[in-house]
>>> print(open('run_2.pdb').read())   # PDB, C-alpha atoms and all ligand atoms
MODEL        1
ATOM      1  CA  MET A  19      -7.248  14.352 -13.692
ATOM      2  CA  LYS A  20      -8.912  11.321 -12.094
ATOM      3  CA  ILE A  21      -6.743  10.122  -9.194
ATOM      4  CA  LEU A  22      -7.315   7.007  -7.095
ATOM      5  CA  ILE A  23      -5.655   7.089  -3.657
ATOM      6  CA  THR A  24      -5.151   3.753  -1.873
ATOM      7  CA  GLY A  25      -5.074   4.156   1.903
ATOM      8  CA  GLY A  26      -6.774   7.491   1.249
ATOM      9  CA  LYS A  27      -8.106   7.728   4.811
ATOM     10  CA  GLY A  28      -4.629   7.445   6.398
ATOM     11  CA  MET A  29      -2.391  10.321   7.517
ATOM     12  CA  LEU A  30      -0.839  10.995   4.091
ATOM     13  CA  GLY A  31      -4.046  10.120   2.251
ATOM     14  CA  ARG A  32      -6.029  12.747   4.181
ATOM     15  CA  THR A  33      -3.538  15.483   3.237
ATOM     16  CA  LEU A  34      -3.642  14.343  -0.397
ATOM     17  CA  GLN A  35      -7.442  14.572  -0.333
ATOM     18  CA  ARG A  36      -7.111  18.206   0.721
ATOM     19  CA  GLU A  37      -4.156  19.188  -1.475
ATOM     20  CA  LEU A  38      -5.345  17.465  -4.666
ATOM     21  CA  ALA A  39      -8.982  18.505  -4.256
ATOM     22  CA  GLY A  40      -9.002  20.221  -7.666
ATOM     23  CA  ASN A  41      -8.924  16.764  -9.274
ATOM     24  CA  GLU A  42     -11.516  14.004  -9.393
ATOM     25  CA  LEU A  43     -10.533  11.806  -6.431
ATOM     26  CA  VAL A  44     -11.407   8.191  -5.649
ATOM     27  CA  ILE A  45     -10.612   7.332  -2.012
ATOM     28  CA  ALA A  46      -9.738   3.634  -2.003
ATOM     29  CA  ASP A  47      -9.475   2.423   1.585
ATOM     30  CA  LEU A  48     -10.858  -0.335   3.812
ATOM     31  CA  PRO A  49     -13.461  -1.718   3.999
ATOM     32  CA  GLU A  50     -14.714  -0.998   0.439
ATOM     33  CA  TRP A  51     -11.287  -1.313  -1.164
ATOM     34  CA  ASP A  52      -8.855  -4.003   0.019
ATOM     35  CA  ILE A  53      -5.468  -4.133  -1.714
ATOM     36  CA  THR A  54      -5.006  -7.754  -0.593
ATOM     37  CA  ASP A  55      -8.017  -8.848  -2.680
ATOM     38  CA  ALA A  56      -6.384  -8.881  -6.128
ATOM     39  CA  ASP A  57      -9.448  -9.653  -8.263
ATOM     40  CA  ALA A  58     -11.799  -7.228  -6.542
ATOM     41  CA  PHE A  59      -9.173  -4.480  -6.502
ATOM     42  CA  THR A  60      -8.497  -4.846 -10.241
ATOM     43  CA  ALA A  61     -12.219  -4.995 -11.081
ATOM     44  CA  LYS A  62     -12.955  -1.828  -9.083
ATOM     45  CA  THR A  63      -9.933  -0.028 -10.572
ATOM     46  CA  LEU A  64     -11.028  -0.974 -14.106
ATOM     47  CA  ALA A  65     -14.518   0.325 -13.328
ATOM     48  CA  GLU A  66     -13.136   3.671 -12.087
ATOM     49  CA  SER A  67     -10.493   3.931 -14.848
ATOM     50  CA  PRO A  68      -8.278   6.511 -13.068
ATOM     51  CA  ASP A  69      -5.486   8.386 -14.847
ATOM     52  CA  VAL A  70      -3.200   7.984 -11.834
ATOM     53  CA  VAL A  71      -3.103   5.737  -8.755
ATOM     54  CA  ILE A  72      -1.287   7.063  -5.678
ATOM     55  CA  HIS A  73      -0.571   4.028  -3.539
ATOM     56  CA  CYS A  74      -0.374   4.945   0.164
ATOM     57  CA  ALA A  75      -2.029   1.869   1.733
ATOM     58  CA  ALA A  76       0.395  -0.157   3.827
ATOM     59  CA  MET A  77       1.027  -1.778   7.168
ATOM     60  CA  THR A  78       2.912   1.163   8.637
ATOM     61  CA  LYS A  79       3.414   0.285  12.320
ATOM     62  CA  VAL A  80       7.076  -0.669  12.275
ATOM     63  CA  ASP A  81       7.154  -2.622  15.551
ATOM     64  CA  ASP A  82       3.908  -4.499  14.770
ATOM     65  CA  CYS A  83       5.476  -5.666  11.495
ATOM     66  CA  GLU A  84       8.239  -7.479  13.468
ATOM     67  CA  ALA A  85       5.586  -9.464  15.382
ATOM     68  CA  LYS A  86       3.288 -10.016  12.361
ATOM     69  CA  ARG A  87       5.703 -10.778   9.534
ATOM     70  CA  ASP A  88       3.198 -12.613   7.305
ATOM     71  CA  LEU A  89       0.669  -9.814   7.521
ATOM     72  CA  ALA A  90       3.350  -7.201   6.778
ATOM     73  CA  PHE A  91       4.354  -9.005   3.576
ATOM     74  CA  ARG A  92       0.715  -9.681   2.635
ATOM     75  CA  LEU A  93       0.011  -5.956   2.699
ATOM     76  CA  ASN A  94       3.279  -4.334   1.710
ATOM     77  CA  GLU A  95       4.498  -6.859  -0.873
ATOM     78  CA  GLU A  96       1.425  -8.725  -2.177
ATOM     79  CA  GLY A  97      -0.939  -5.755  -1.745
ATOM     80  CA  THR A  98       1.487  -3.563  -3.675
ATOM     81  CA  ARG A  99       1.801  -6.240  -6.370
ATOM     82  CA  ASN A 100      -2.016  -6.226  -6.681
ATOM     83  CA  VAL A 101      -2.075  -2.443  -7.032
ATOM     84  CA  ALA A 102       0.633  -2.617  -9.734
ATOM     85  CA  LEU A 103      -1.287  -5.345 -11.608
ATOM     86  CA  ALA A 104      -4.479  -3.270 -11.450
ATOM     87  CA  CYS A 105      -2.591  -0.258 -12.853
ATOM     88  CA  LYS A 106      -1.168  -2.396 -15.637
ATOM     89  CA  ALA A 107      -4.639  -3.705 -16.504
ATOM     90  CA  SER A 108      -6.264  -0.267 -16.449
ATOM     91  CA  GLY A 109      -3.395   1.739 -17.964
ATOM     92  CA  ALA A 110      -3.161   4.052 -14.934
ATOM     93  CA  ARG A 111       0.127   5.691 -14.001
ATOM     94  CA  LEU A 112       1.297   4.482 -10.584
ATOM     95  CA  ILE A 113       2.952   6.643  -7.931
ATOM     96  CA  ALA A 114       3.705   4.289  -5.013
ATOM     97  CA  ILE A 115       4.859   5.533  -1.623
ATOM     98  CA  SER A 116       7.855   3.801  -0.063
ATOM     99  CA  THR A 117      10.224   4.460   2.784
ATOM    100  CA  ASP A 118      13.733   5.329   3.988
ATOM    101  CA  TYR A 119      13.595   2.061   5.998
ATOM    102  CA  VAL A 120      14.596   0.128   2.856
ATOM    103  CA  PHE A 121      18.152   1.220   3.749
ATOM    104  CA  SER A 122      20.277  -0.403   6.424
ATOM    105  CA  GLY A 123      20.952   2.899   8.106
ATOM    106  CA  GLU A 124      24.631   2.017   8.433
ATOM    107  CA  PRO A 125      26.372   4.696   6.364
ATOM    108  CA  PRO A 126      29.851   3.938   4.996
ATOM    109  CA  ARG A 127      30.987   7.323   6.295
ATOM    110  CA  GLU A 128      29.580  10.500   7.830
ATOM    111  CA  PRO A 129      28.083  12.834   6.785
ATOM    112  CA  TRP A 130      25.887  10.642   4.581
ATOM    113  CA  ALA A 131      22.569  10.549   2.768
ATOM    114  CA  TRP A 132      21.273   7.652   0.635
ATOM    115  CA  SER A 133      20.657   8.319  -3.043
ATOM    116  CA  GLU A 134      18.121   6.673  -5.363
ATOM    117  CA  THR A 135      20.868   4.464  -6.836
ATOM    118  CA  ASP A 136      22.146   3.109  -3.507
ATOM    119  CA  ILE A 137      21.319  -0.537  -2.880
ATOM    120  CA  PRO A 138      18.704  -1.115  -0.166
ATOM    121  CA  ARG A 139      19.535  -3.496   2.687
ATOM    122  CA  PRO A 140      16.532  -3.354   5.024
ATOM    123  CA  ARG A 141      17.058  -4.463   8.635
ATOM    124  CA  THR A 142      13.409  -4.591   9.704
ATOM    125  CA  VAL A 143      10.383  -6.597   8.573
ATOM    126  CA  TYR A 144       8.672  -3.321   7.669
ATOM    127  CA  GLY A 145      11.629  -2.229   5.515
ATOM    128  CA  ALA A 146      11.991  -5.672   3.908
ATOM    129  CA  SER A 147       8.284  -5.901   3.086
ATOM    130  CA  LYS A 148       8.238  -2.379   1.598
ATOM    131  CA  PHE A 149      11.372  -3.176  -0.448
ATOM    132  CA  ALA A 150       9.715  -6.389  -1.686
ATOM    133  CA  GLY A 151       6.779  -4.201  -2.767
ATOM    134  CA  GLU A 152       9.166  -1.903  -4.662
ATOM    135  CA  GLN A 153      10.612  -4.909  -6.482
ATOM    136  CA  MET A 154       7.119  -6.104  -7.445
ATOM    137  CA  ILE A 155       6.387  -2.698  -8.952
ATOM    138  CA  GLN A 156       9.641  -2.637 -10.897
ATOM    139  CA  MET A 157       8.892  -6.082 -12.377
ATOM    140  CA  ILE A 158       5.264  -5.378 -13.265
ATOM    141  CA  LEU A 159       5.295  -1.678 -14.128
ATOM    142  CA  PRO A 160       8.796  -0.311 -14.838
ATOM    143  CA  ASP A 161       7.308   3.103 -15.716
ATOM    144  CA  ALA A 162       5.854   3.563 -12.229
ATOM    145  CA  VAL A 163       7.223   6.104  -9.768
ATOM    146  CA  ILE A 164       8.391   4.789  -6.383
ATOM    147  CA  LEU A 165       8.422   7.802  -4.080
ATOM    148  CA  ARG A 166      10.440   7.217  -0.895
ATOM    149  CA  ILE A 167       9.544   9.445   2.056
ATOM    150  CA  ALA A 168      10.531   9.424   5.742
ATOM    151  CA  TRP A 169       9.900  10.621   9.317
ATOM    152  CA  LEU A 170       6.387  11.663   8.309
ATOM    153  CA  TYR A 171       3.969  13.880  10.212
ATOM    154  CA  GLY A 172       0.690  15.371   9.069
ATOM    155  CA  ALA A 173      -2.643  16.797  10.201
ATOM    156  CA  GLY A 174      -4.287  14.679  12.885
ATOM    157  CA  GLY A 175      -1.294  12.288  13.208
ATOM    158  CA  PRO A 176      -0.393   9.872  14.634
ATOM    159  CA  SER A 177       3.270  10.844  14.459
ATOM    160  CA  PHE A 178       6.369  11.450  16.547
ATOM    161  CA  VAL A 179       5.621  15.200  16.371
ATOM    162  CA  HIS A 180       2.128  14.677  17.850
ATOM    163  CA  THR A 181       3.462  12.392  20.595
ATOM    164  CA  MET A 182       6.133  14.911  21.595
ATOM    165  CA  ALA A 183       3.721  17.862  21.479
ATOM    166  CA  LYS A 184       1.477  15.956  23.914
ATOM    167  CA  LEU A 185       4.359  15.006  26.241
ATOM    168  CA  GLY A 186       5.737  18.536  26.104
ATOM    169  CA  VAL A 187       2.700  20.072  27.816
ATOM    170  CA  GLN A 188       2.753  17.485  30.624
ATOM    171  CA  GLU A 189       4.670  18.109  33.834
ATOM    172  CA  GLY A 190       7.392  15.638  34.650
ATOM    173  CA  PRO A 191      11.097  14.880  34.560
ATOM    174  CA  ALA A 192      13.269  15.823  31.581
ATOM    175  CA  LEU A 193      12.279  13.980  28.406
ATOM    176  CA  LYS A 194      14.996  11.681  27.063
ATOM    177  CA  VAL A 195      15.063  11.672  23.249
ATOM    178  CA  VAL A 196      17.275   9.603  20.937
ATOM    179  CA  ASN A 197      20.165  11.638  19.542
ATOM    180  CA  ASP A 198      22.099   9.049  17.516
ATOM    181  CA  GLN A 199      19.605   8.366  14.714
ATOM    182  CA  ARG A 200      19.534  10.734  11.759
ATOM    183  CA  GLY A 201      16.873  11.336   9.117
ATOM    184  CA  ASN A 202      14.772  13.921   7.262
ATOM    185  CA  PRO A 203      11.574  14.920   9.118
ATOM    186  CA  THR A 204       8.966  15.547   6.404
ATOM    187  CA  SER A 205       5.406  16.844   6.465
ATOM    188  CA  THR A 206       2.603  15.283   4.468
ATOM    189  CA  LYS A 207       2.128  18.753   2.912
ATOM    190  CA  VAL A 208       5.681  18.617   1.493
ATOM    191  CA  VAL A 209       4.987  15.116   0.121
ATOM    192  CA  ALA A 210       1.744  16.390  -1.462
ATOM    193  CA  ASP A 211       3.717  19.203  -3.133
ATOM    194  CA  VAL A 212       6.232  16.659  -4.493
ATOM    195  CA  ILE A 213       3.366  14.517  -5.798
ATOM    196  CA  ARG A 214       1.790  17.561  -7.468
ATOM    197  CA  PHE A 215       5.154  18.158  -9.195
ATOM    198  CA  LEU A 216       5.294  14.501 -10.293
ATOM    199  CA  LEU A 217       1.727  14.718 -11.621
ATOM    200  CA  SER A 218       2.803  17.620 -13.823
ATOM    201  CA  HIS A 219       5.790  15.572 -15.078
ATOM    202  CA  PRO A 220       4.332  12.379 -16.578
ATOM    203  CA  GLU A 221       7.716  11.521 -18.083
ATOM    204  CA  VAL A 222       9.265  10.815 -14.647
ATOM    205  CA  SER A 223       9.549   7.154 -13.642
ATOM    206  CA  GLY A 224      11.614   5.011 -11.289
ATOM    207  CA  ILE A 225      12.781   5.714  -7.759
ATOM    208  CA  VAL A 226      12.433   9.273  -6.461
ATOM    209  CA  HIS A 227      13.392  10.476  -2.981
ATOM    210  CA  GLY A 228      10.946  13.094  -1.692
ATOM    211  CA  THR A 229      11.858  14.161   1.852
ATOM    212  CA  CYS A 230      12.650  17.603   3.291
ATOM    213  CA  GLU A 231      16.170  18.993   2.940
ATOM    214  CA  ASP A 232      18.737  18.747   5.770
ATOM    215  CA  GLN A 233      18.976  16.002   8.328
ATOM    216  CA  CYS A 234      18.708  15.909  12.113
ATOM    217  CA  THR A 235      18.181  13.565  15.043
ATOM    218  CA  TRP A 236      14.937  12.901  16.947
ATOM    219  CA  TYR A 237      16.410  15.033  19.742
ATOM    220  CA  ASP A 238      17.041  17.978  17.346
ATOM    221  CA  LEU A 239      13.488  17.639  16.029
ATOM    222  CA  THR A 240      12.027  17.712  19.545
ATOM    223  CA  VAL A 241      14.082  20.745  20.589
ATOM    224  CA  GLU A 242      12.927  22.659  17.501
ATOM    225  CA  LEU A 243       9.298  21.562  18.002
ATOM    226  CA  PHE A 244       9.319  22.721  21.635
ATOM    227  CA  ARG A 245      10.887  26.038  20.593
ATOM    228  CA  LEU A 246       8.133  26.610  18.014
ATOM    229  CA  LEU A 247       5.405  25.600  20.492
ATOM    230  CA  GLY A 248       6.941  27.651  23.309
ATOM    231  CA  LEU A 249       7.144  24.574  25.570
ATOM    232  CA  LYS A 250       9.508  24.714  28.514
ATOM    233  CA  ARG A 251       9.756  21.018  29.435
ATOM    234  CA  GLU A 252      13.421  19.982  29.502
ATOM    235  CA  VAL A 253      14.683  17.671  26.725
ATOM    236  CA  VAL A 254      17.898  15.667  27.118
ATOM    237  CA  PRO A 255      19.691  13.586  24.474
ATOM    238  CA  CYS A 256      19.976   9.810  24.890
ATOM    239  CA  THR A 257      21.286   6.850  22.896
ATOM    240  CA  THR A 258      19.384   4.209  20.922
ATOM    241  CA  GLU A 259      20.462   1.630  23.548
ATOM    242  CA  GLU A 260      18.611   3.612  26.224
ATOM    243  CA  PHE A 261      15.391   3.344  24.201
ATOM    244  CA  PRO A 262      15.179  -0.268  22.910
ATOM    245  CA  ARG A 263      12.429  -1.044  20.355
ATOM    246  CA  PRO A 264      11.339  -4.369  18.786
ATOM    247  CA  ALA A 265      12.411  -3.153  15.301
ATOM    248  CA  PRO A 266      15.970  -1.800  15.089
ATOM    249  CA  ARG A 267      15.782   1.783  13.804
ATOM    250  CA  PRO A 268      18.234   2.870  11.065
ATOM    251  CA  ARG A 269      21.110   4.928  12.511
ATOM    252  CA  ASN A 270      21.112   7.165   9.450
ATOM    253  CA  SER A 271      18.329   6.974   6.863
ATOM    254  CA  ALA A 272      18.599  10.520   5.476
ATOM    255  CA  LEU A 273      17.796  10.617   1.755
ATOM    256  CA  LYS A 274      19.527  12.529  -1.050
ATOM    257  CA  LYS A 275      17.020  14.071  -3.492
ATOM    258  CA  SER A 276      19.153  13.455  -6.614
ATOM    259  CA  VAL A 277      16.244  12.944  -9.050
ATOM    260  CA  LEU A 278      14.155  15.900  -7.868
ATOM    261  CA  ASN A 279      17.213  18.155  -7.812
ATOM    262  CA  LEU A 280      18.143  17.116 -11.365
ATOM    263  CA  LEU A 281      14.646  18.165 -12.401
ATOM    264  CA  GLY A 282      15.190  21.541 -10.724
ATOM    265  CA  TYR A 283      12.847  20.821  -7.797
ATOM    266  CA  ARG A 284      13.931  21.519  -4.215
ATOM    267  CA  THR A 285      12.013  20.490  -1.126
ATOM    268  CA  PRO A 286      12.052  22.911   1.831
ATOM    269  CA  ARG A 287      14.373  22.454   4.825
ATOM    270  CA  TRP A 288      12.773  20.395   7.597
ATOM    271  CA  GLN A 289      12.755  23.388   9.952
ATOM    272  CA  GLU A 290      10.624  25.442   7.504
ATOM    273  CA  ALA A 291       8.166  22.597   6.925
ATOM    274  CA  LEU A 292       7.866  22.011  10.680
ATOM    275  CA  ALA A 293       7.192  25.701  11.339
ATOM    276  CA  ASP A 294       4.430  25.712   8.681
ATOM    277  CA  PHE A 295       2.935  22.579  10.207
ATOM    278  CA  VAL A 296       3.024  23.864  13.793
ATOM    279  CA  ALA A 297       1.232  27.040  12.659
ATOM    280  CA  ALA A 298      -1.464  25.069  10.840
ATOM    281  CA  GLU A 299      -1.908  22.228  13.354
ATOM    282  CA  PHE A 300      -1.363  23.953  16.698
ATOM    283  CA  GLY A 301      -1.971  27.626  15.789
ATOM    284  CA  LYS A 302       1.519  28.654  17.011
TER     285      LYS A 302
HETATM  286  N1  LIG B 401       4.309   7.349   8.652
HETATM  287  C1  LIG B 401       5.613   7.429   8.325
HETATM  288  O1  LIG B 401       6.461   7.905   9.116
HETATM  289  C2  LIG B 401       6.081   6.953   6.973
HETATM  290  C3  LIG B 401       7.443   7.065   6.665
HETATM  291  C4  LIG B 401       7.888   6.620   5.419
HETATM  292  C5  LIG B 401       6.990   6.081   4.515
HETATM  293  N2  LIG B 401       5.681   5.966   4.848
HETATM  294  C6  LIG B 401       4.757   5.357   3.862
HETATM  295  O2  LIG B 401       3.780   6.342   3.521
HETATM  296  C7  LIG B 401       2.541   5.707   3.207
HETATM  297  C8  LIG B 401       1.418   6.382   3.981
HETATM  298  O3  LIG B 401       1.721   6.314   5.364
HETATM  299  P1  LIG B 401       0.702   6.850   6.462
HETATM  300  O4  LIG B 401       1.516   7.257   7.630
HETATM  301  O5  LIG B 401      -0.270   7.802   5.860
HETATM  302  O6  LIG B 401      -0.036   5.483   6.833
HETATM  303  P2  LIG B 401      -1.397   5.222   7.610
HETATM  304  O7  LIG B 401      -1.857   6.472   8.298
HETATM  305  O8  LIG B 401      -1.195   3.973   8.390
HETATM  306  O9  LIG B 401      -2.424   4.963   6.408
HETATM  307  C9  LIG B 401      -2.463   3.747   5.721
HETATM  308  C10 LIG B 401      -3.896   3.555   5.256
HETATM  309  O10 LIG B 401      -3.959   2.314   4.534
HETATM  310  C11 LIG B 401      -5.129   1.622   4.966
HETATM  311  N3  LIG B 401      -5.023   0.196   4.722
HETATM  312  C12 LIG B 401      -4.470  -0.758   5.525
HETATM  313  N4  LIG B 401      -4.625  -1.971   4.984
HETATM  314  C13 LIG B 401      -5.303  -1.800   3.811
HETATM  315  C14 LIG B 401      -5.789  -2.686   2.813
HETATM  316  N5  LIG B 401      -5.631  -4.015   2.919
HETATM  317  N6  LIG B 401      -6.438  -2.177   1.747
HETATM  318  C15 LIG B 401      -6.630  -0.843   1.637
HETATM  319  N7  LIG B 401      -6.212   0.058   2.562
HETATM  320  C16 LIG B 401      -5.555  -0.431   3.634
HETATM  321  C17 LIG B 401      -5.192   1.940   6.435
HETATM  322  O11 LIG B 401      -6.458   1.618   6.957
HETATM  323  P3  LIG B 401      -6.579   1.197   8.526
HETATM  324  O12 LIG B 401      -6.144   2.402   9.302
HETATM  325  O13 LIG B 401      -8.036   0.867   8.674
HETATM  326  O14 LIG B 401      -5.667   0.025   8.710
HETATM  327  C18 LIG B 401      -4.886   3.436   6.420
HETATM  328  O15 LIG B 401      -6.056   4.202   6.153
HETATM  329  C19 LIG B 401       2.746   4.221   3.494
HETATM  330  O16 LIG B 401       3.003   3.544   2.296
HETATM  331  C20 LIG B 401       3.977   4.175   4.387
HETATM  332  O17 LIG B 401       4.670   2.963   4.252
HETATM  333  C21 LIG B 401       5.191   6.395   6.037
ENDMDL
END
>>> encode(input="run_2.pdb", output="C-alpha cells")
Amino acid sequence: MKILITGGKGMLGRTLQRELAGNELVIADLPEWDITDADAFTAKTLAESPDVVIHCAAMTKVDDCEAKRDLAFRLNEEGTRNVALACKASGARLIAISTDYVFSGEPPREPWAWSETDIPRPRTVYGASKFAGEQMIQMILPDAVILRIAWLYGAGGPSFVHTMAKLGVQEGPALKVVNDQRGNPTSTKVVADVIRFLLSHPEVSGIVHGTCEDQCTWYDLTVELFRLLGLKREVVPCTTEEFPRPAPRPRNSALKKSVLNLLGYRTPRWQEALADFVAAEFGK
C-alpha cells in the first residue's frame, strides 16, 4: 500500500514510519510539504497518488494555540481542509488524527467517558481548531476516518512522560502533579496498531476513538511511571488550580472506544502500554 503521512517527522509520524515500514511511505512534512499551501499540496499528492493519507500534521502546542489563534486555525482547520481536498482530488482514503480536546471535559456524571456520538464542545483554541478541521473533513470527504487520540507519548517525545522521567531523576522537593484531570494515556505504538487495523478495514469511516483502555489522572500516570522506572522522588497530588495554564485543560476527556469495540478490536490498558514503552524507551 502507498501511504502518505502528513507531519511524518513529528512524534506520531516517526512511530508510523517505523510501524508501517512494510508499505511504500511518503513522508510529507515541512519544508517540502506544507498543508497550508492548498494548490501545492494537492499537486504533490496527485503526483504521488497514494492509496491512503494519514494526516498527523497540526499545531499541537495547546498553550501556544491560545496565544496564536489565527495560526492554530490556519493549520488545524484550513490545513486539514486542504488535505481533505487533496484526498478528494486524488481518490486517496483519509485517516485524520484528532483529539480528546474537542470535548468540554465537563462530564454530566462520574464515572464518564466520551463516545464517538457525543457532541464536542471544545474549551480551548486548540480543541476548537481541531474540531473545525473535523467538520471540514466531514463536509468534503464523508468516507474519511477521523481518529481521536489523547495523552500521547512516543519515542523521542516531547511528552508528559518524558518530562516526568527527566524530573524524576533530579533531586528536589516532592513533585506536585495534577490529580483532578482524567484521561487515557496512549502510546504512539498503540495508535499505530489501531491505524494498522483501520488500514485492513477499508469499509470503516467516520469518527473512531483510538486511545488505551482505562482512565487515570496525571498523578496516577506519574506514580506508575516512577514505579516502572524505579525512581524514588516523592510525588504528591495537587489540583488544577495549583497548576494554572493558559489553556484550560479538560477535567475529564477519557474516550469510549465504541466503534473499535463493535468491530471486535480492543486497545490495551494504559498501564500495559506504558510498561512496553518504558522498556523500549528507557530499557527498564
Ligand atoms: N501530542 C498529543 O498529546 C496529542 C494528543 C491528541 C491528539 N494529537 C494529535 O496527533 C497528531 C500528531 O501529534 P504529534 O504529537 O505527533 O505532533 P507533532 O510532534 O507536533 O508533529 C506534528 C508535525 O507536523 C508538522 N507540521 C507543522 N505544520 C505543518 C505544515 N504547515 N505542513 C506540514 N507539516 C506541518 C510539524 O513540523 P514542525 O515540528 O517543523 O512544526 C511536525 O513534524 C496531531 O494531529 C495532534 O493534534 C496529539
>>> residues_around(input="run_2.pdb", residues="Ile53 in chain A", least_positions_apart="4", cutoff="8 Å", atoms="all atoms listed in the file", output="NGL selection string")
:A and (24 or 59 or 75 or 93 or 97-98 or 100-101)
>>> resolve_selection(input="run_2.pdb", expression="the PyMOL selection byres (((not hetatm)) within 6 of (chain B and resi 401))", output="ChimeraX atom specification")
/A:24-31,47-48,51-54,74-78,93,115-117,167-170
>>> closest_residue(input="run_2.pdb", among="A:Leu64, A:Lys302, A:Gly186, A:Leu112", to="Ala162 in chain A", atoms="only C-alpha atoms")
A:Leu112
>>> resolve_selection(input="run_2.pdb", expression="the PyMOL selection byres (((chain A and resi 197) around 12) and not hetatm)", output="PDB file with C-alpha atoms, keeping the file's coordinate frame")
ATOM      1  CA  LYS A 194      14.996  11.681  27.063  1.00  0.00           C
ATOM      2  CA  VAL A 195      15.063  11.672  23.249  1.00  0.00           C
ATOM      3  CA  VAL A 196      17.275   9.603  20.937  1.00  0.00           C
ATOM      4  CA  ASP A 198      22.099   9.049  17.516  1.00  0.00           C
ATOM      5  CA  GLN A 199      19.605   8.366  14.714  1.00  0.00           C
ATOM      6  CA  ARG A 200      19.534  10.734  11.759  1.00  0.00           C
ATOM      7  CA  GLY A 201      16.873  11.336   9.117  1.00  0.00           C
ATOM      8  CA  CYS A 234      18.708  15.909  12.113  1.00  0.00           C
ATOM      9  CA  THR A 235      18.181  13.565  15.043  1.00  0.00           C
ATOM     10  CA  TRP A 236      14.937  12.901  16.947  1.00  0.00           C
ATOM     11  CA  TYR A 237      16.410  15.033  19.742  1.00  0.00           C
ATOM     12  CA  ASP A 238      17.041  17.978  17.346  1.00  0.00           C
ATOM     13  CA  LEU A 239      13.488  17.639  16.029  1.00  0.00           C
ATOM     14  CA  THR A 240      12.027  17.712  19.545  1.00  0.00           C
ATOM     15  CA  VAL A 241      14.082  20.745  20.589  1.00  0.00           C
ATOM     16  CA  VAL A 253      14.683  17.671  26.725  1.00  0.00           C
ATOM     17  CA  VAL A 254      17.898  15.667  27.118  1.00  0.00           C
ATOM     18  CA  PRO A 255      19.691  13.586  24.474  1.00  0.00           C
ATOM     19  CA  CYS A 256      19.976   9.810  24.890  1.00  0.00           C
ATOM     20  CA  THR A 257      21.286   6.850  22.896  1.00  0.00           C
ATOM     21  CA  THR A 258      19.384   4.209  20.922  1.00  0.00           C
ATOM     22  CA  GLU A 259      20.462   1.630  23.548  1.00  0.00           C
ATOM     23  CA  GLU A 260      18.611   3.612  26.224  1.00  0.00           C
ATOM     24  CA  PHE A 261      15.391   3.344  24.201  1.00  0.00           C
ATOM     25  CA  ARG A 269      21.110   4.928  12.511  1.00  0.00           C
ATOM     26  CA  ASN A 270      21.112   7.165   9.450  1.00  0.00           C
TER      27      ASN A 270
END
>>> resolve_selection(input="run_2.pdb", expression="the PyMOL selection byres (((chain A and resi 166) around 12) and not hetatm)", output="ChimeraX atom specification")
/A:73-74,113-121,132-134,138,145,148-149,152,163-165,167-170,202,204,209,212-213,224-230,271-275,277-278
>>> residues_around(input="run_2.pdb", residues="Asp161 in chain A", least_positions_apart="4", cutoff="9 Å", atoms="only C-alpha atoms", output="MDAnalysis selection string")
chainID A and resid 111:112 155:156 221:224
>>> write_last_selection(input="run_2.pdb", atoms="C-alpha atoms", output="mmCIF file, keeping the file's coordinate frame")
data_model
loop_
_atom_site.group_PDB
_atom_site.id
_atom_site.type_symbol
_atom_site.label_atom_id
_atom_site.label_comp_id
_atom_site.auth_asym_id
_atom_site.auth_seq_id
_atom_site.Cartn_x
_atom_site.Cartn_y
_atom_site.Cartn_z
ATOM 1 C CA ARG A 111 0.127 5.691 -14.001
ATOM 2 C CA LEU A 112 1.297 4.482 -10.584
ATOM 3 C CA ILE A 155 6.387 -2.698 -8.952
ATOM 4 C CA GLN A 156 9.641 -2.637 -10.897
ATOM 5 C CA GLU A 221 7.716 11.521 -18.083
ATOM 6 C CA VAL A 222 9.265 10.815 -14.647
ATOM 7 C CA SER A 223 9.549 7.154 -13.642
ATOM 8 C CA GLY A 224 11.614 5.011 -11.289
#
>>> residues_around(input="run_2.pdb", residues="Ile158 in chain A", least_positions_apart="2", cutoff="9 Å", atoms="only C-alpha atoms", output="ChimeraX atom specification")
/A:99,102-103,106,153-156,160
>>> residues_around(input="run_2.pdb", residues="Gly174 in chain A", least_positions_apart="2", cutoff="8 Å", atoms="only C-alpha atoms", output="list in words")
Met29, Gly172, Pro176 and Glu299 of chain A
>>> residues_around(input="run_2.pdb", residues="Phe244 in chain A", least_positions_apart="6", cutoff="10 Å", atoms="only C-alpha atoms", output="list in words")
Val179, Met182, Ala183, Gly186, Val187, Lys250, Arg251, Glu252 and Val253 of chain A
>>> closest_residue(input="run_2.pdb", among="A:Trp130, A:Tyr144, A:Phe91, A:Tyr171", to="Trp288 in chain A", atoms="all atoms listed in the file")
A:Tyr171
>>> atom_distance(input="run_2.pdb", atom1="CA of Gly123 in chain A", atom2="CA of Thr181 in chain A")
23.5 Å
>>> atom_distance(input="run_2.pdb", atom1="CA of Thr63 in chain A", atom2="CA of Leu22 in chain A")
8.3 Å
>>> atom_distance(input="run_2.pdb", atom1="CA of Gly175 in chain A", atom2="CA of Arg263 in chain A")
20.4 Å
>>> closest_residue(input="run_2.pdb", among="A:Ile45, A:Leu249, A:Ala265, A:Ala192", to="Arg141 in chain A", atoms="all atoms listed in the file")
A:Ala265
>>> closest_residue(input="run_2.pdb", among="A:Gln188, A:Ser147, A:Gln233, A:Thr135", to="Pro286 in chain A", atoms="all atoms listed in the file")
A:Gln233
>>> closest_residue(input="run_2.pdb", among="A:Leu34, A:Val80, A:Leu185, A:Val208", to="Pro268 in chain A", atoms="only C-alpha atoms")
A:Val80
